[in-house]
file coords-v9.txt (compact mmCIF, C-alpha atoms and all ligand atoms)
# COMPACT_ATOMS: atom_id res chain seq x y z
CA MET A 1 0.23 36.48 -14.55
CA THR A 2 -2.91 36.40 -12.33
CA ILE A 3 -4.08 33.54 -10.13
CA ARG A 4 -6.99 32.94 -12.52
CA THR A 5 -4.67 32.62 -15.55
CA ALA A 6 -2.15 30.49 -13.67
CA LEU A 7 -4.89 28.06 -12.66
CA SER A 8 -6.44 27.75 -16.10
CA GLN A 9 -3.07 27.38 -17.88
CA GLY A 10 -1.82 24.90 -15.27
CA ALA A 11 -4.99 22.80 -15.47
CA ALA A 12 -4.79 22.75 -19.29
CA LEU A 13 -1.15 21.57 -19.20
CA LEU A 14 -1.96 18.83 -16.68
CA GLU A 15 -4.96 17.71 -18.71
CA GLN A 16 -2.84 17.49 -21.87
CA GLY A 17 -0.30 15.45 -19.85
CA GLY A 18 -3.02 12.96 -18.85
CA VAL A 19 -2.97 13.85 -15.14
CA ASP A 20 -6.12 12.93 -13.17
CA SER A 21 -8.21 15.79 -11.70
CA PRO A 22 -6.20 18.50 -13.49
CA LYS A 23 -8.11 21.49 -12.09
CA PHE A 24 -7.88 20.29 -8.49
CA THR A 25 -4.20 19.39 -8.91
CA ALA A 26 -3.40 22.83 -10.36
CA GLU A 27 -5.08 24.39 -7.32
CA LEU A 28 -3.08 22.20 -4.91
CA LEU A 29 0.21 23.07 -6.62
CA LEU A 30 -0.52 26.79 -6.84
CA ALA A 31 -1.59 26.86 -3.17
CA CYS A 32 1.74 25.24 -2.34
CA ALA A 33 3.67 27.78 -4.44
CA LEU A 34 1.82 30.69 -2.82
CA ARG A 35 1.87 29.11 0.68
CA CYS A 36 -1.86 29.66 1.07
CA GLU A 37 -5.07 27.61 1.23
CA ARG A 38 -7.03 26.90 -1.97
CA VAL A 39 -9.99 29.00 -0.75
CA TYR A 40 -7.77 32.09 -1.05
CA PHE A 41 -7.98 31.84 -4.86
CA PHE A 42 -11.72 32.36 -4.96
CA ALA A 43 -11.44 35.71 -3.19
CA HIS A 44 -8.34 36.93 -5.10
CA PRO A 45 -8.53 35.64 -8.71
CA GLU A 46 -6.96 38.82 -10.13
CA GLN A 47 -3.95 38.87 -7.81
CA GLU A 48 -0.65 38.92 -9.72
CA LEU A 49 1.86 36.16 -8.98
CA ARG A 50 5.33 37.26 -7.86
CA GLU A 51 8.29 36.07 -9.89
CA GLY A 52 9.35 33.49 -7.26
CA GLU A 53 5.80 32.11 -7.01
CA GLN A 54 5.63 31.66 -10.79
CA LEU A 55 8.95 29.84 -10.76
CA HIS A 56 7.85 27.47 -7.99
CA TYR A 57 4.51 26.82 -9.64
CA GLY A 58 6.19 26.08 -12.98
CA ARG A 59 8.57 23.62 -11.30
CA TYR A 60 5.73 21.88 -9.46
CA LEU A 61 3.71 21.52 -12.67
CA HIS A 62 6.78 20.09 -14.41
CA GLU A 63 7.40 17.59 -11.58
CA ARG A 64 3.76 16.46 -11.61
CA LEU A 65 3.89 16.03 -15.39
CA GLN A 66 7.02 13.89 -14.88
CA GLY A 67 4.93 11.54 -12.69
CA ARG A 68 5.75 12.75 -9.17
CA PRO A 69 2.58 12.50 -7.00
CA ALA A 70 1.10 15.89 -6.08
CA GLN A 71 1.24 14.87 -2.40
CA HIS A 72 5.01 14.42 -2.64
CA ILE A 73 5.34 17.89 -4.11
CA THR A 74 3.13 19.56 -1.51
CA ARG A 75 4.26 17.05 1.19
CA ARG A 76 0.76 16.83 2.61
CA GLN A 77 -2.44 14.81 2.41
CA GLU A 78 -5.74 15.19 4.18
CA PHE A 79 -7.11 12.24 6.13
CA TYR A 80 -10.25 12.27 8.31
CA GLY A 81 -10.33 16.07 8.18
CA ARG A 82 -6.71 16.58 9.30
CA GLU A 83 -3.59 17.39 7.36
CA PHE A 84 -0.81 14.78 7.46
CA ARG A 85 2.74 15.34 6.26
CA VAL A 86 3.78 12.69 3.77
CA GLY A 87 6.82 11.88 1.67
CA PRO A 88 8.44 9.04 -0.22
CA GLU A 89 9.02 7.17 3.08
CA VAL A 90 5.30 6.37 3.52
CA LEU A 91 2.16 5.38 1.67
CA ILE A 92 0.00 8.41 0.86
CA PRO A 93 -3.11 7.80 3.01
CA ARG A 94 -6.13 6.94 0.85
CA PRO A 95 -9.69 8.14 1.50
CA GLU A 96 -11.05 4.58 1.54
CA THR A 97 -8.98 3.87 4.67
CA GLU A 98 -11.24 6.28 6.58
CA LEU A 99 -13.84 3.46 6.59
CA LEU A 100 -11.48 1.34 8.69
CA VAL A 101 -11.06 4.10 11.27
CA GLU A 102 -14.75 4.97 11.31
CA THR A 103 -15.70 1.32 11.86
CA VAL A 104 -13.27 0.81 14.76
CA LEU A 105 -14.56 3.96 16.44
CA LYS A 106 -18.15 2.84 16.01
CA LEU A 107 -17.68 -0.78 17.11
CA ARG A 108 -15.26 -0.27 20.01
CA PRO A 109 -15.86 3.20 21.47
CA GLY A 110 -14.52 2.08 24.85
CA ALA A 111 -11.38 0.27 23.64
CA ARG A 112 -8.48 0.78 26.02
CA ILE A 113 -5.56 -0.41 23.90
CA ILE A 114 -5.48 -0.24 20.12
CA VAL A 115 -2.54 -1.30 17.96
CA ASP A 116 -2.13 0.03 14.40
CA ALA A 117 0.05 -2.48 12.52
CA GLY A 118 2.00 -0.94 9.64
CA THR A 119 1.31 2.67 10.57
CA GLY A 120 3.07 4.42 7.65
CA SER A 121 2.29 8.15 7.97
CA GLY A 122 0.44 7.42 11.23
CA ALA A 123 -2.89 8.43 9.65
CA ILE A 124 -4.88 5.61 11.33
CA ALA A 125 -3.10 5.69 14.70
CA VAL A 126 -3.14 9.48 15.08
CA THR A 127 -6.81 9.70 14.08
CA LEU A 128 -7.83 6.95 16.52
CA ALA A 129 -5.84 8.61 19.30
CA LEU A 130 -7.53 11.95 18.65
CA GLU A 131 -11.04 10.55 18.19
CA SER A 132 -11.10 8.13 21.16
CA LYS A 133 -9.82 7.73 24.69
CA ALA A 134 -7.80 4.62 23.80
CA HIS A 135 -4.09 4.26 24.34
CA VAL A 136 -2.83 3.78 20.78
CA MET A 137 0.36 1.97 19.84
CA ALA A 138 1.66 2.13 16.29
CA VAL A 139 4.19 -0.26 14.79
CA ASP A 140 6.00 -0.39 11.49
CA PHE A 141 8.99 -2.28 10.14
CA SER A 142 10.25 0.89 8.44
CA ARG A 143 12.15 3.25 10.74
CA ALA A 144 11.77 6.02 8.16
CA ALA A 145 7.98 5.62 8.24
CA LEU A 146 7.99 5.70 12.06
CA GLY A 147 9.86 9.03 11.88
CA VAL A 148 7.15 10.52 9.64
CA ALA A 149 4.36 9.08 11.82
CA ALA A 150 5.91 10.40 15.04
CA ALA A 151 6.28 13.87 13.50
CA ASN A 152 2.59 13.79 12.47
CA ALA A 153 1.55 12.75 15.98
CA TYR A 154 3.61 15.58 17.47
CA ARG A 155 2.26 18.19 15.04
CA LEU A 156 -1.36 17.11 15.57
CA ASP A 157 -0.91 16.75 19.34
CA ALA A 158 -1.87 13.07 19.45
CA ARG A 159 -0.56 10.71 22.12
CA VAL A 160 0.64 7.61 20.28
CA GLY A 161 3.37 5.14 21.24
CA PHE A 162 5.65 4.07 18.39
CA MET A 163 7.66 0.87 18.06
CA GLN A 164 9.66 -0.75 15.33
CA SER A 165 8.35 -4.29 14.93
CA ASP A 166 7.94 -7.04 12.38
CA TRP A 167 4.14 -6.95 12.48
CA LEU A 168 3.16 -7.65 16.12
CA ALA A 169 6.33 -9.42 17.27
CA ALA A 170 7.07 -6.65 19.80
CA ILE A 171 3.56 -6.71 21.39
CA ALA A 172 2.74 -8.78 24.47
CA SER A 173 0.23 -11.66 24.25
CA GLU A 174 -3.43 -10.95 25.01
CA SER A 175 -2.79 -7.30 25.86
CA VAL A 176 -4.78 -5.55 23.15
CA ASP A 177 -8.47 -4.71 22.59
CA VAL A 178 -8.24 -3.85 18.89
CA VAL A 179 -5.72 -4.59 16.15
CA VAL A 180 -6.26 -2.40 13.11
CA SER A 181 -4.21 -2.54 9.93
CA ASN A 182 -4.05 -1.45 6.35
CA PRO A 183 -1.27 -3.84 5.33
CA PRO A 184 0.46 -4.04 1.94
CA TYR A 185 -1.79 -6.14 -0.31
CA ILE A 186 -0.71 -5.79 -3.93
CA ALA A 187 0.42 -8.96 -5.69
CA GLU A 188 3.98 -8.84 -7.08
CA THR A 189 2.50 -10.09 -10.34
CA ASP A 190 0.46 -6.86 -10.59
CA ARG A 191 3.55 -4.63 -10.30
CA ALA A 192 3.69 -3.90 -14.02
CA THR A 193 0.04 -2.86 -14.19
CA LEU A 194 0.25 -0.31 -11.37
CA GLN A 195 0.10 3.41 -12.12
CA PRO A 196 3.73 4.60 -12.46
CA GLU A 197 3.17 7.36 -9.88
CA VAL A 198 2.34 4.66 -7.32
CA ARG A 199 4.86 2.02 -8.42
CA ASP A 200 7.81 4.38 -8.85
CA HIS A 201 7.19 6.78 -5.95
CA GLU A 202 5.56 4.98 -3.02
CA PRO A 203 7.61 2.57 -0.86
CA ALA A 204 7.58 -1.03 -2.12
CA MET A 205 7.29 -2.25 1.48
CA ALA A 206 3.98 -0.41 1.77
CA LEU A 207 2.58 -1.84 -1.45
CA PHE A 208 3.64 -5.40 -2.22
CA ALA A 209 2.93 -8.61 -0.32
CA GLY A 210 4.23 -11.63 -2.18
CA ALA A 211 3.09 -13.38 -5.32
CA ASP A 212 -0.63 -13.25 -4.49
CA GLY A 213 -0.71 -10.11 -2.29
CA LEU A 214 -1.66 -12.09 0.82
CA ASP A 215 1.73 -12.54 2.55
CA ALA A 216 1.21 -9.73 5.06
CA TYR A 217 -2.20 -11.14 6.09
CA ARG A 218 -0.60 -14.59 6.53
CA LYS A 219 1.77 -13.14 9.11
CA LEU A 220 -0.44 -10.50 10.65
CA ILE A 221 -3.60 -12.57 11.32
CA PRO A 222 -1.87 -15.19 13.56
CA ASP A 223 0.02 -12.33 15.26
CA ALA A 224 -3.30 -10.59 15.95
CA TRP A 225 -4.74 -13.80 17.41
CA ARG A 226 -1.82 -13.92 19.84
CA VAL A 227 -1.94 -10.28 21.02
CA LEU A 228 -5.72 -9.77 21.19
CA ARG A 229 -7.56 -10.29 24.44
CA PRO A 230 -10.49 -12.75 24.20
CA GLY A 231 -13.32 -10.78 22.61
CA GLY A 232 -10.82 -8.42 20.92
CA LEU A 233 -11.47 -7.00 17.46
CA LEU A 234 -9.33 -7.38 14.34
CA ALA A 235 -10.09 -4.81 11.61
CA LEU A 236 -8.23 -5.17 8.31
CA GLU A 237 -8.34 -3.22 5.08
CA LEU A 238 -8.67 -5.47 2.03
CA GLY A 239 -7.38 -5.23 -1.50
CA PHE A 240 -9.72 -5.63 -4.47
CA GLY A 241 -11.10 -9.20 -4.68
CA GLN A 242 -9.30 -10.43 -1.54
CA ALA A 243 -12.23 -10.63 0.93
CA GLU A 244 -12.86 -14.37 0.66
CA ALA A 245 -9.20 -15.38 0.83
CA VAL A 246 -8.45 -13.13 3.81
CA ALA A 247 -11.61 -14.24 5.65
CA ALA A 248 -10.43 -17.84 5.16
CA LEU A 249 -7.07 -16.95 6.76
CA ALA A 250 -9.03 -15.64 9.76
CA SER A 251 -11.15 -18.78 10.18
CA ASN A 252 -10.28 -19.09 13.91
CA PHE A 253 -11.99 -15.76 14.53
CA THR A 254 -15.76 -15.40 14.98
CA GLU A 255 -18.28 -12.72 13.94
CA ARG A 256 -16.53 -12.31 10.60
CA GLN A 257 -18.04 -9.48 8.59
CA ILE A 258 -17.06 -7.72 5.39
CA LEU A 259 -17.85 -4.07 4.70
CA ALA A 260 -17.93 -2.43 1.28
CA ASP A 261 -16.62 1.07 0.62
CA LEU A 262 -18.42 3.88 -1.24
CA ALA A 263 -17.41 2.30 -4.56
CA SER A 264 -19.07 -0.98 -3.43
CA ILE A 265 -15.67 -2.69 -3.19
CA GLU A 266 -15.30 -5.15 -0.29
CA ARG A 267 -12.84 -3.08 1.72
CA VAL A 268 -12.80 -4.07 5.40
CA LEU A 269 -12.74 -7.41 7.20
CA LEU A 270 -13.91 -7.35 10.81
CA CYS A 271 -13.60 -10.34 13.10
CA GLN A 272 -13.41 -11.11 16.76
CA LYS A 273 -11.25 -13.39 18.87
CA PRO A 274 -13.81 -15.60 20.67
CA ALA A 275 -14.65 -14.28 24.13
CA ASP A 276 -14.45 -17.78 25.64
CA CYS A 277 -11.05 -18.45 24.11
CA ALA A 278 -8.80 -20.51 26.44
CA PRO A 279 -5.79 -18.61 27.77
CA PRO A 280 -2.46 -19.57 26.18
CA GLU A 281 -0.69 -22.49 27.80
CA LEU A 282 1.81 -21.55 30.43
CA ARG A 283 5.21 -22.55 29.13
CA LEU A 284 7.85 -23.29 31.75
CA PRO A 285 11.50 -22.83 30.85
C1 LIG B 1 -0.33 -0.02 2.95
S1 LIG B 1 0.83 0.78 4.03
C2 LIG B 1 -0.30 1.49 5.20
C3 LIG B 1 0.18 2.76 5.82
C4 LIG B 1 -0.88 3.47 6.69
N1 LIG B 1 -1.33 2.63 7.76
C5 LIG B 1 -2.05 3.91 5.85
O1 LIG B 1 -3.12 3.29 5.92
O2 LIG B 1 -1.92 4.89 5.08
C6 LIG B 1 1.50 -0.64 4.87
C7 LIG B 1 2.53 -0.34 5.96
O3 LIG B 1 2.98 -1.59 6.49
C8 LIG B 1 4.35 -1.51 6.77
N2 LIG B 1 4.93 -2.85 6.81
C9 LIG B 1 5.28 -3.64 5.76
N3 LIG B 1 5.80 -4.80 6.21
C10 LIG B 1 5.77 -4.74 7.57
C11 LIG B 1 6.17 -5.64 8.60
N4 LIG B 1 6.72 -6.82 8.33
N5 LIG B 1 6.00 -5.25 9.88
C12 LIG B 1 5.44 -4.05 10.17
N6 LIG B 1 5.05 -3.15 9.25
C13 LIG B 1 5.22 -3.50 7.95
C14 LIG B 1 4.90 -0.63 5.64
O4 LIG B 1 6.15 -0.07 5.99
C15 LIG B 1 3.78 0.40 5.48
O5 LIG B 1 4.01 1.53 6.27
call {"tool": "encode", "arguments": {"input": "coords-v9.txt", "output": "structure tokens"}}
result
Amino acid sequence: MTIRTALSQGAALLEQGGVDSPKFTAELLLACALRCERVYFFAHPEQELREGEQLHYGRYLHERLQGRPAQHITRRQEFYGREFRVGPEVLIPRPETELLVETVLKLRPGARIIVDAGTGSGAIAVTLALESKAHVMAVDFSRAALGVAAANAYRLDARVGFMQSDWLAAIASESVDVVVSNPPYIAETDRATLQPEVRDHEPAMALFAGADGLDAYRKLIPDAWRVLRPGGLLALELGFGQAEAVAALASNFTERQILADLASIERVLLCQKPADCAPPELRLP
């Protein structure tokens, strides 16, 4: 079987199975089976597949048709032009999260300390560390996620500090210039309506946040207030339809602004801890 035939047959099978972007997915899976980049196919459409490559490709197609995400099969996902290793321990980074990173870089080019809360694969933290001069700290409650994130930082040669923490509990007060986070924001009540490949394959801790999807913001926003220096920036990714409710949770902050993504969905909340904010009271033992 040639590369051309493998791609067209694979895409047809995926399409019949109701898989999104069947042609692109077939290319991803075949590239994984052949251990090459997708561009290789365009130069070598008549190349014959070896027996082992056909077997791998067939297994990958079968797994995708069974609902396993393509990124879990290939164990990789691109984010901000770099390849991140992913697996069932972490959320697969989504393209819309690039807006969060882009905005932080634009608004705070000189930030000295940035904390990524709920780092998952490390996509946000690693990108910020590579695209700025800031010292980036990344926290997550999941030790398994921290392992994946640390491996991504090592592979991409990014200097990031990692800590296990329940949101920002492990971070010192008023020490941070920017808190950035893409927290879990799906309502438990929406669990049944989620795509099975998300619901059954991505970590629940990365997806769900209480009955209304706002529990993580309820914890994270006061934590951010505590750790940010006066004038510090909080940048949060938002779930669909959550902008108003999350902005209300951040009512102590000033300069609140909501940005829409390319699909015109309100996707990012930006706000600032007031620059003239009184220092926290000194508490004596
Ligand atoms: C939506 S995922 C985001 C992952 C990654 N930042 C990204 O954008 O692809 C949310 C992350 O928050 C983490 N998380 C959930 N609850 C947490 C908590 N209480 N403290 C710290 N991190 C938490 C999850 O483990 C998960 O990695």
call {"tool": "atom_distance", "arguments": {"input": "coords-v9.txt", "atom1": "atom N6 of ligand LIG 1 (chain B)", "atom2": "atom CA of Thr119 of chain A"}}
result
7.0 Å
call {"tool": "atom_distance", "arguments": {"input": "coords-v9.txt", "atom1": "atom CA of Ala250 of chain A", "atom2": "atom CA of Ile221 of chain A"}}
result
6.4 Å
call {"tool": "residues_near_ligand", "arguments": {"input": "coords-v9.txt", "ligand": "ligand LIG 1 (chain B)", "cutoff": "7 Å", "atoms": "all atoms listed in the file", "output": "ChimeraX atom specification"}}
result
/A:90-94,97,117-124,139-142,145,165-167,181-184,205-207,216
call {"tool": "write_last_selection", "arguments": {"input": "coords-v9.txt", "atoms": "C-alpha atoms", "output": "compact mmCIF listing (two decimals), in the coordinates of the input"}}
result
# COMPACT_ATOMS: atom_id res chain seq x y z
CA VAL A 90 5.30 6.37 3.52
CA LEU A 91 2.16 5.38 1.67
CA ILE A 92 0.00 8.41 0.86
CA PRO A 93 -3.11 7.80 3.01
CA ARG A 94 -6.13 6.94 0.85
CA THR A 97 -8.98 3.87 4.67
CA ALA A 117 0.05 -2.48 12.52
CA GLY A 118 2.00 -0.94 9.64
CA THR A 119 1.31 2.67 10.57
CA GLY A 120 3.07 4.42 7.65
CA SER A 121 2.29 8.15 7.97
CA GLY A 122 0.44 7.42 11.23
CA ALA A 123 -2.89 8.43 9.65
CA ILE A 124 -4.88 5.61 11.33
CA VAL A 139 4.19 -0.26 14.79
CA ASP A 140 6.00 -0.39 11.49
CA PHE A 141 8.99 -2.28 10.14
CA SER A 142 10.25 0.89 8.44
CA ALA A 145 7.98 5.62 8.24
CA SER A 165 8.35 -4.29 14.93
CA ASP A 166 7.94 -7.04 12.38
CA TRP A 167 4.14 -6.95 12.48
CA SER A 181 -4.21 -2.54 9.93
CA ASN A 182 -4.05 -1.45 6.35
CA PRO A 183 -1.27 -3.84 5.33
CA PRO A 184 0.46 -4.04 1.94
CA MET A 205 7.29 -2.25 1.48
CA ALA A 206 3.98 -0.41 1.77
CA LEU A 207 2.58 -1.84 -1.45
CA ALA A 216 1.21 -9.73 5.06
call {"tool": "residues_around", "arguments": {"input": "coords-v9.txt", "residues": "Glu102 of chain A", "least_positions_apart": "5", "cutoff": "12 Å", "atoms": "all atoms listed in the file", "output": "PyMOL selection string"}}
result
chain A and resi 79-80+95-97+107-109+124+127-128+131-132+180+235+259+261+268
call {"tool": "residues_around", "arguments": {"input": "coords-v9.txt", "residues": "Ile258 of chain A", "least_positions_apart": "3", "cutoff": "12 Å", "atoms": "all atoms listed in the file", "output": "VMD selection string"}}
result
chain A and resid 99 to 100 103 234 to 238 241 to 247 255 261 264 to 271
call {"tool": "write_last_selection", "arguments": {"input": "coords-v9.txt", "atoms": "C-alpha atoms", "output": "mmCIF file, in the frame of the given file"}}
result
data_model
loop_
_atom_site.group_PDB
_atom_site.id
_atom_site.type_symbol
_atom_site.label_atom_id
_atom_site.label_comp_id
_atom_site.auth_asym_id
_atom_site.auth_seq_id
_atom_site.Cartn_x
_atom_site.Cartn_y
_atom_site.Cartn_z
ATOM 1 C CA LEU A 99 -13.840 3.460 6.590
ATOM 2 C CA LEU A 100 -11.480 1.340 8.690
ATOM 3 C CA THR A 103 -15.700 1.320 11.860
ATOM 4 C CA LEU A 234 -9.330 -7.380 14.340
ATOM 5 C CA ALA A 235 -10.090 -4.810 11.610
ATOM 6 C CA LEU A 236 -8.230 -5.170 8.310
ATOM 7 C CA GLU A 237 -8.340 -3.220 5.080
ATOM 8 C CA LEU A 238 -8.670 -5.470 2.030
ATOM 9 C CA GLY A 241 -11.100 -9.200 -4.680
ATOM 10 C CA GLN A 242 -9.300 -10.430 -1.540
ATOM 11 C CA ALA A 243 -12.230 -10.630 0.930
ATOM 12 C CA GLU A 244 -12.860 -14.370 0.660
ATOM 13 C CA ALA A 245 -9.200 -15.380 0.830
ATOM 14 C CA VAL A 246 -8.450 -13.130 3.810
ATOM 15 C CA ALA A 247 -11.610 -14.240 5.650
ATOM 16 C CA GLU A 255 -18.280 -12.720 13.940
ATOM 17 C CA ASP A 261 -16.620 1.070 0.620
ATOM 18 C CA SER A 264 -19.070 -0.980 -3.430
ATOM 19 C CA ILE A 265 -15.670 -2.690 -3.190
ATOM 20 C CA GLU A 266 -15.300 -5.150 -0.290
ATOM 21 C CA ARG A 267 -12.840 -3.080 1.720
ATOM 22 C CA VAL A 268 -12.800 -4.070 5.400
ATOM 23 C CA LEU A 269 -12.740 -7.410 7.200
ATOM 24 C CA LEU A 270 -13.910 -7.350 10.810
ATOM 25 C CA CYS A 271 -13.600 -10.340 13.100
#
call {"tool": "atom_distance", "arguments": {"input": "coords-v9.txt", "atom1": "atom CA of Ala275 of chain A", "atom2": "atom CA of Ala111 of chain A"}}
result
14.9 Å
call {"tool": "build_atoms", "arguments": {"input": "coords-v9.txt", "residues": "segment 28-48 of chain A", "atoms": "N, CA, C and O atoms", "output": "CSV table (one decimal), keeping the file's coordinate frame"}}
result
chain,number,residue,atom,x,y,z
A,28,LEU,N,-4.0,22.7,-6.0
A,28,LEU,CA,-3.1,22.2,-4.9
A,28,LEU,C,-1.7,22.7,-5.1
A,28,LEU,O,-1.0,23.2,-4.2
A,29,LEU,N,-1.2,22.7,-6.4
A,29,LEU,CA,0.2,23.1,-6.6
A,29,LEU,C,0.4,24.6,-6.5
A,29,LEU,O,1.4,25.1,-6.0
A,30,LEU,N,-0.6,25.3,-7.0
A,30,LEU,CA,-0.5,26.8,-6.8
A,30,LEU,C,-0.6,27.2,-5.4
A,30,LEU,O,0.1,28.1,-4.9
A,31,ALA,N,-1.5,26.5,-4.6
A,31,ALA,CA,-1.6,26.9,-3.2
A,31,ALA,C,-0.2,26.6,-2.5
A,31,ALA,O,0.2,27.4,-1.6
A,32,CYS,N,0.4,25.6,-2.9
A,32,CYS,CA,1.7,25.2,-2.3
A,32,CYS,C,2.8,26.3,-2.7
A,32,CYS,O,3.5,26.8,-1.9
A,33,ALA,N,2.7,26.8,-4.0
A,33,ALA,CA,3.7,27.8,-4.4
A,33,ALA,C,3.4,29.1,-3.7
A,33,ALA,O,4.4,29.9,-3.4
A,34,LEU,N,2.2,29.4,-3.5
A,34,LEU,CA,1.8,30.7,-2.8
A,34,LEU,C,1.8,30.6,-1.3
A,34,LEU,O,1.5,31.6,-0.6
A,35,ARG,N,2.0,29.3,-0.8
A,35,ARG,CA,1.9,29.1,0.7
A,35,ARG,C,0.6,29.6,1.2
A,35,ARG,O,0.5,30.4,2.2
A,36,CYS,N,-0.5,29.2,0.6
A,36,CYS,CA,-1.9,29.7,1.1
A,36,CYS,C,-2.8,28.5,0.9
A,36,CYS,O,-2.4,27.4,0.4
A,37,GLU,N,-4.0,28.6,1.4
A,37,GLU,CA,-5.1,27.6,1.2
A,37,GLU,C,-5.8,27.8,-0.1
A,37,GLU,O,-5.8,29.0,-0.6
A,38,ARG,N,-6.4,26.8,-0.7
A,38,ARG,CA,-7.0,26.9,-2.0
A,38,ARG,C,-8.2,27.9,-1.9
A,38,ARG,O,-8.4,28.6,-3.0
A,39,VAL,N,-8.9,28.1,-0.8
A,39,VAL,CA,-10.0,29.0,-0.8
A,39,VAL,C,-9.5,30.4,-1.1
A,39,VAL,O,-10.4,31.2,-1.5
A,40,TYR,N,-8.3,30.7,-0.8
A,40,TYR,CA,-7.8,32.1,-1.0
A,40,TYR,C,-8.0,32.5,-2.5
A,40,TYR,O,-8.3,33.7,-2.8
A,41,PHE,N,-7.9,31.5,-3.4
A,41,PHE,CA,-8.0,31.8,-4.9
A,41,PHE,C,-9.3,32.4,-5.2
A,41,PHE,O,-9.4,33.3,-6.1
A,42,PHE,N,-10.4,31.9,-4.6
A,42,PHE,CA,-11.7,32.4,-5.0
A,42,PHE,C,-12.0,33.8,-4.6
A,42,PHE,O,-12.7,34.5,-5.3
A,43,ALA,N,-11.3,34.3,-3.6
A,43,ALA,CA,-11.4,35.7,-3.2
A,43,ALA,C,-10.5,36.6,-3.9
A,43,ALA,O,-10.7,37.8,-4.0
A,44,HIS,N,-9.4,36.1,-4.5
A,44,HIS,CA,-8.3,36.9,-5.1
A,44,HIS,C,-7.9,36.5,-6.5
A,44,HIS,O,-6.7,36.3,-6.8
A,45,PRO,N,-8.9,36.2,-7.4
A,45,PRO,CA,-8.5,35.6,-8.7
A,45,PRO,C,-7.7,36.6,-9.5
A,45,PRO,O,-6.9,36.1,-10.4
A,46,GLU,N,-7.7,37.9,-9.3
A,46,GLU,CA,-7.0,38.8,-10.1
A,46,GLU,C,-5.6,39.2,-9.5
A,46,GLU,O,-4.9,40.0,-10.1
A,47,GLN,N,-5.3,38.6,-8.4
A,47,GLN,CA,-4.0,38.9,-7.8
A,47,GLN,C,-2.8,38.4,-8.7
A,47,GLN,O,-2.8,37.3,-9.3
A,48,GLU,N,-1.8,39.3,-8.9
A,48,GLU,CA,-0.6,38.9,-9.7
A,48,GLU,C,0.3,38.0,-8.9
A,48,GLU,O,0.6,38.3,-7.8
